[in-house]
Every structure is written in structure tokens, then in C-alpha cells.
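**Student:** So that we are looking at the same thing, I have put the structure below in C-alpha cells.
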2 protein chains.
Amino acid sequence: MIATGRGQNLTYSIAEDLGVAIVTGTYSSNSPFPVEAELCKRYGVSRSILREAVKMLTAKGLLGSRPRRGTWVQDEENWNLLDPDVLRWMLERKFSFALLIEFTQVRLAIEPKAAALAAANAGPSDRAAIAAAIAGMIESERLQDDPLEPDIAFHIAILHASGNGFYSRLGELIEAALRFSIRMTNRQTGVRSVAEHKKVSDAIIAGDAKRAEAAMQALVEDALAQIRKAEQAASPRQRIRAAKARA
Amino acid sequence: MIATGRGQNLTYSIAEDLGVAIVTGTYSSNSPFPVEAELCKRYGVSRSILREAVKMLTAKGLLGSRPRRGTWVQDEENWNLLDPDVLRWMLERKFSFALLIEFTQVRLAIEPKAAALAAANAGPSDRAAIAAAIAGMIESERLQDDPLEPDIAFHIAILHASGNGFYSRLGELIEAALRFSIRMTNRQTGVRSVAEHKKVSDAIIAGDAKRAEAAMQALVEDALAQIRKAEQAASPRQRIRAAKARA
DNA sequence: GGTTGTATATTTATCATATAAATAAGCATT
DNA sequence: AATGCTTATTTATATGATAAATATACAACC
């Protein structure tokens, strides 16, 4: 039996539950994956529901199935890491600094280019969204508040302003990563960070692609440095924390 | 009734067929999506199959569904462009130079960084794969053969050698894009291109990250330039070709 | 011994039908 | 005009069949 709280319905709940179980290694490509009937019994649902959940995970590259051979967990290299659900499951439930660092390398590749494109292409509403995010950061800094939400909004607004659909789609992934990594990095929230963000914004508004790219690169490199620092600080406790996350 | 040839089974065939229909605009977030019963009749399959196919597309962000409200096509901004199937469907069936250019901008962001990381991290087998790809390019150049396969292998080997799982996952997408874009760009396959590739390879083998990054950037910028040139050349015929692709 | 073919059992694939739950739309009430 | 109720439609879920695929074990053969 599974609570239907998380998802909108049973299928989603079970897909979520199985997805998390897979990325955390409860099932793996070595160990056998339970047979349909067994999972139906375990979750107390009909075959329809269970099969639909399995198909969703198949679509994300986590599972495969064949008659008589059963259902199996795909090799990790087949997982769609760039699927928002998969990334979220991995960050939230199977956290490792290595994973966060690898994703931040993606950010380091994309976001400066996005800022450069945004400087060239941003329309009025894009500029307004970027400006609003900066205003929000300044405001929460004044109130000694957590600037996470405007920070996320800032990065998403720039990705969107790039006019590149692929960059936009990364926004959701970056949101997951930011929302999660703040718990890990105890990042600085002071004047300096806001000023660094504003540099990017100013360059974009001014239409200066080169400067926007450089400023964004500095920003993400800074984030990467903080993650590495947190990794150093945490490494003695990492195993314990990882074990806790698994529970 | 639908032939089961393409996919491994009915569910996959229908997911593929519906997926293509969605990205090509046969159904859209404006126009109504057929009701389950209608689609079952149209494809001549049971509800189970149809629902599983719909759930797969839901997992890729293409569809949504609610009781009484029916099934609908999600706004395009919710589509998982970074899903290999979705990208393939779009490139093959809804080709536009804008899309190819946007994806090449992703390559332009990622691949130089991947080359830099590969220069630092590539292990013996990675190096061997890269060298083999170059050898393959030289060989097909000697035989006046199409170097597409070794070219693809080259890019994938470098992404893999970066040691970053997210970069690796882009390999599949880049393969789809390369395999497709060659039909569009009539790219140069001569000595110059092979030499440019070898520059990247040499830098990686030498462990020179900076040089590898620069060489790869030149390579992808060149590809982007060729696409833009092809776009200029093709624009008068573009509408005809797009219409043909839709058929 | 090793290869190749065959029978069998297991598991997913597919189908058919039924009931439940959610909700859009129309209607009635205020 | 706003609100609440009724109804019809659609997906969500359950159940129980049959079909197809294939891993496994075994038999036959060279």
C-alpha cells in the first residue's frame, strides 16, 4: 500500500517510489528486479497501475523489460540524467558531491553562453524578469532574508532570455540543483554575491555579451569553488550523511 | 492498426507514432487531443497499450491527463528537449535550421569544456577510443569514404573521456544531431576537417586542456558556420522540404 | 564433448470488461 | 451575477483472461 500524497495519482506515486529506489541502489542492474506480480502485491495496486509506472521509468531510461526475462534496471549510463525527475531523485536521495560538481560543470559550460546570448537577444519582458530578480535579491539582502528564490529566478530568467530552447529546459534542472545545493554549501549570501549577480545583469541590460559571459562565468566558478570547499569540510561526515539520505 | 516494426512492441510503436504526431504539430496544446477510446479504435489496440504509450509520453513532458478533462498536449516549453527520443523526433520530423542551430549552441558550450576535461582526465581506454576514431577518419578520407561514423565516434569518445556523466549523456543527442545534420549541410569532408579533428585529439593526448578546448571550439564553430551557410542556401526551398518531412 | 535443436515453464504483452473517482458543463437556486 | 447542485464524460483503477516471447533444462545428434 502506498500513500497517494506525493503525486497526483497512484501511478505517479509508484513511479516516484520506484524511481527513487532505483537511483539509490535498492535495485540495480546486478540484483534482480521484482516481478510484476510481486510489486503489485507489495504496493497493493493493480497490474495496470504498476505497468504504467514501469513504462514511465522505462521512458526515462531507468528500466527495461521483456517477456520471460522480466524487468531490469538499466545500466546507469542509460539513465536520462537530464530528465528533471531523475536528476531530482539523484540529488535529493543519492547525494554526492561528485554529482553536484559534475552538474555544476554543466552550468559552467552553459550559463556563461546563455548570458552572452541574453545580452544579444533579451526582449523587454526578459530584461524585466532579470531586473526583478536582482531587485528581489537586493531586497532579501536588506531584510537579511534567504535570497534563494530570487537567485533561482535570476538564473532561470537568463536561460530563458537566451532564446535557446535547450538552455531554457536546463532551467528546471538548475532550479533543482540550486534548491538542493544550498543545503550543502552554506553559501555566502552577503553583499558580494548580490554585487556579482548584478554585474551579470548590468552587462546583459547594456547588451555587452562579452562582459555578461565573463561575469556569469565568475559567478558559477564561485559556486563551484564553494561546493568544493563544502566537500572538503564535509568529507569526514559524508558517509554518515549519505547513509541517512538513503534511509 | 499500426505496424509493430519500428519498436520492439505495440506500446513503443504507438508512443513513437504519437510522439512524432505531437512534435510535428498534428496535435497541439490548442487543438484537442483525441480521447482514449478514439485512439484505441484508431490504432486497433486495447486501452492498456494505449495508456502505457500515453504514460511514456507523459514522462517525457509531451502529454498530460486528468479524468473528465481528457488528455492534452503540454505547452512546448514543458517538453523534455533533452530526451533523446524527443530530440530525434524533432530533428527528423520537424526539422528547422533554428532548432539545429540552437542545439549546436549547446554543443558549442559543452564540447570544448569536455575536451578540456578529457585532456586532464582521459584514461588509457579513452585515449585509445579517441585515437581510433581519428584513425578511422583518416582511413575513410583515404578511401574517399563518408567519415560520419568515425566522426560521431570521435565526439562521443571525448564526451565520455571527460568523466562527467552529464556530458556523456549528451553523446546520444549529439549523435542524433550529427547523423541528421549531415543530410542538411553537405559539409566538407576533406583533409582540412580531419586535420582540425586531429588537433583536438593531439591536445588531449598531450594533456593540454587549454589547447584542446580551443581546438574543439574552432571545430564546433565551424560546424555552426556550415549550418548557417546551408540555411542561407536552402531558405527558398525550406518550406517545401519541411512539408515533405511532415508527410 | 560440444553443438544444436526442442519442450517447458515463466514472465511480460495484450486484450476485454467492469467499477470508481474526478471534474467540466449545464442547470437551478438565490 | 454568483453560488451550489446534478449530470455526463473521461481518465483512474481493478480484475481476470489469453498470447507471445524467451530463459532454462533437457534431448538428440555429430
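To be explicit about the labels: the chains of the C-alpha cells are called A, B, and onward in the order shown, and within each one the residues are counted from 1, while ligands get numbers from 1 in the order they are shown.
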Counting only C-alpha atoms (C1' of nucleotides), which residues from chain A have an atom at most 12 Å from any atom of chain D, and could you show them as a list in words?
**Tutor:**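 On the chain A side, the interface is Gln8, Asn9, Leu10, Thr11, Tyr12, Cys40, Gly44, Val45, Ser46, Arg47, Ser48, Ile49, Leu50, Glu52, Ser65, Arg66, Pro67, Arg68, Arg69 and Gly70 of chain A.
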**Student:** Enumerate, as a ChimeraX atom specification, the complete set of residues in range 6-210 of chain A that a backbone-based DSSP assignment places in strand (DSSP E or B).
**Tutor:** /A:63-66,70-73
**Student:** Would you list which chain C residues are within 10 Å of chain A using only C-alpha atoms (C1' of nucleotides), as a list in words?
**Tutor:**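 Using only C-alpha atoms (C1' of nucleotides), chain C residues at most 10 Å from chain A: DA9, DT10, DT11, DT12 and DA13 of chain C.
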**Student:** CA of Ser125 in chain A and CA of Asp151 in chain A, how far apart in Å?
**Tutor:** 17.7 Å
**Student:** With only C-alpha atoms as the basis for distance, which of A:Leu91, A:Leu148, A:Val23, A:Ala15 is at the shortest distance from chain B?
**Tutor:**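 Nearest to chain B: A:Ala15.
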**Student:** So that I can see what lies close to Tyr27 in chain A, please list as a PDB file with C-alpha atoms, in the first residue's frame the residues with an atom at most 9 Å from it, counting only C-alpha atoms (C1' of nucleotides) and leaving out residues fewer than 6 positions away in the same chain.
**Tutor:**
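Writing the result to around17.pdb gives the following:
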ATOM      1  CA  LEU A  18      10.408   3.016  -7.722  1.00  0.00           C
ATOM      2  CA  ALA A  21      14.567   3.103  -5.113  1.00  0.00           C
ATOM      3  CA  PHE A  33      14.212  -6.535 -10.098  1.00  0.00           C
ATOM      4  CA  PRO A  34      10.955  -7.889  -8.641  1.00  0.00           C
ATOM      5  CA  TRP A  72      15.531  -5.000 -15.078  1.00  0.00           C
ATOM      6  CA  VAL A  73      17.350  -1.844 -14.091  1.00  0.00           C
TER       7      VAL A  73
END
**Student:** Only residues of chain A matter here; which ones have an atom within 6 Å of chain B, counting only C-alpha atoms? Give them as a list in words.
**Tutor:**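 Only these qualify: Glu52, Lys55, Met56, Ala59, Glu102, Ala109, Ile110 and Asn164 of chain A.
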**Student:** Could you take the residues named above and write them with N, CA and C atoms, as an mmCIF file, in the first residue's frame?
**Tutor:**
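Once written, part23.cif looks like this:
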data_model
loop_
_atom_site.group_PDB
_atom_site.id
_atom_site.type_symbol
_atom_site.label_atom_id
_atom_site.label_comp_id
_atom_site.auth_asym_id
_atom_site.auth_seq_id
_atom_site.Cartn_x
_atom_site.Cartn_y
_atom_site.Cartn_z
ATOM 1 N N GLU A 52 1.979 0.890 -15.874
ATOM 2 C CA GLU A 52 2.105 2.266 -16.351
ATOM 3 C C GLU A 52 3.277 2.966 -15.660
ATOM 4 N N LYS A 55 6.415 1.739 -17.192
ATOM 5 C CA LYS A 55 6.621 2.319 -18.518
ATOM 6 C C LYS A 55 7.155 3.745 -18.415
ATOM 7 N N MET A 56 6.718 4.481 -17.423
ATOM 8 C CA MET A 56 7.231 5.842 -17.265
ATOM 9 C C MET A 56 8.727 5.808 -16.966
ATOM 10 N N ALA A 59 10.649 5.022 -19.980
ATOM 11 C CA ALA A 59 10.786 6.183 -20.853
ATOM 12 C C ALA A 59 11.921 7.091 -20.388
ATOM 13 N N GLU A 102 29.705 17.599 -10.994
ATOM 14 C CA GLU A 102 29.518 17.336 -12.418
ATOM 15 C C GLU A 102 28.405 18.203 -12.997
ATOM 16 N N ALA A 109 29.450 25.398 -18.277
ATOM 17 C CA ALA A 109 29.523 25.413 -19.736
ATOM 18 C C ALA A 109 28.399 26.250 -20.324
ATOM 19 N N ILE A 110 27.191 26.076 -19.768
ATOM 20 C CA ILE A 110 26.015 26.665 -20.398
ATOM 21 C C ILE A 110 25.740 28.112 -19.979
ATOM 22 N N ASN A 164 17.275 30.284 -26.475
ATOM 23 C CA ASN A 164 17.594 28.911 -26.889
ATOM 24 C C ASN A 164 16.775 27.930 -26.048
#
**Student:** What are the DSSP helix (DSSP H, G or I) residues of range 9-221 of chain B, as a ChimeraX atom specification?
**Tutor:** /B:10-23,36-43,47-59,76-78,84-93,97-121,124-142,148-161,165-185,191-205,209-221
**Student:** What's the separation between CA of Leu219 in chain A and CA of Leu159 in chain B, in Å to one decimal place?
**Tutor:**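 CA of Leu219 in chain A sits 24.4 Å away from CA of Leu159 in chain B.
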**Student:** Can you work out the spacing between CA of Ile156 in chain B and CA of Asp75 in chain A in Å, to one decimal?
**Tutor:**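 Distance between the two atoms: 17.5 Å.
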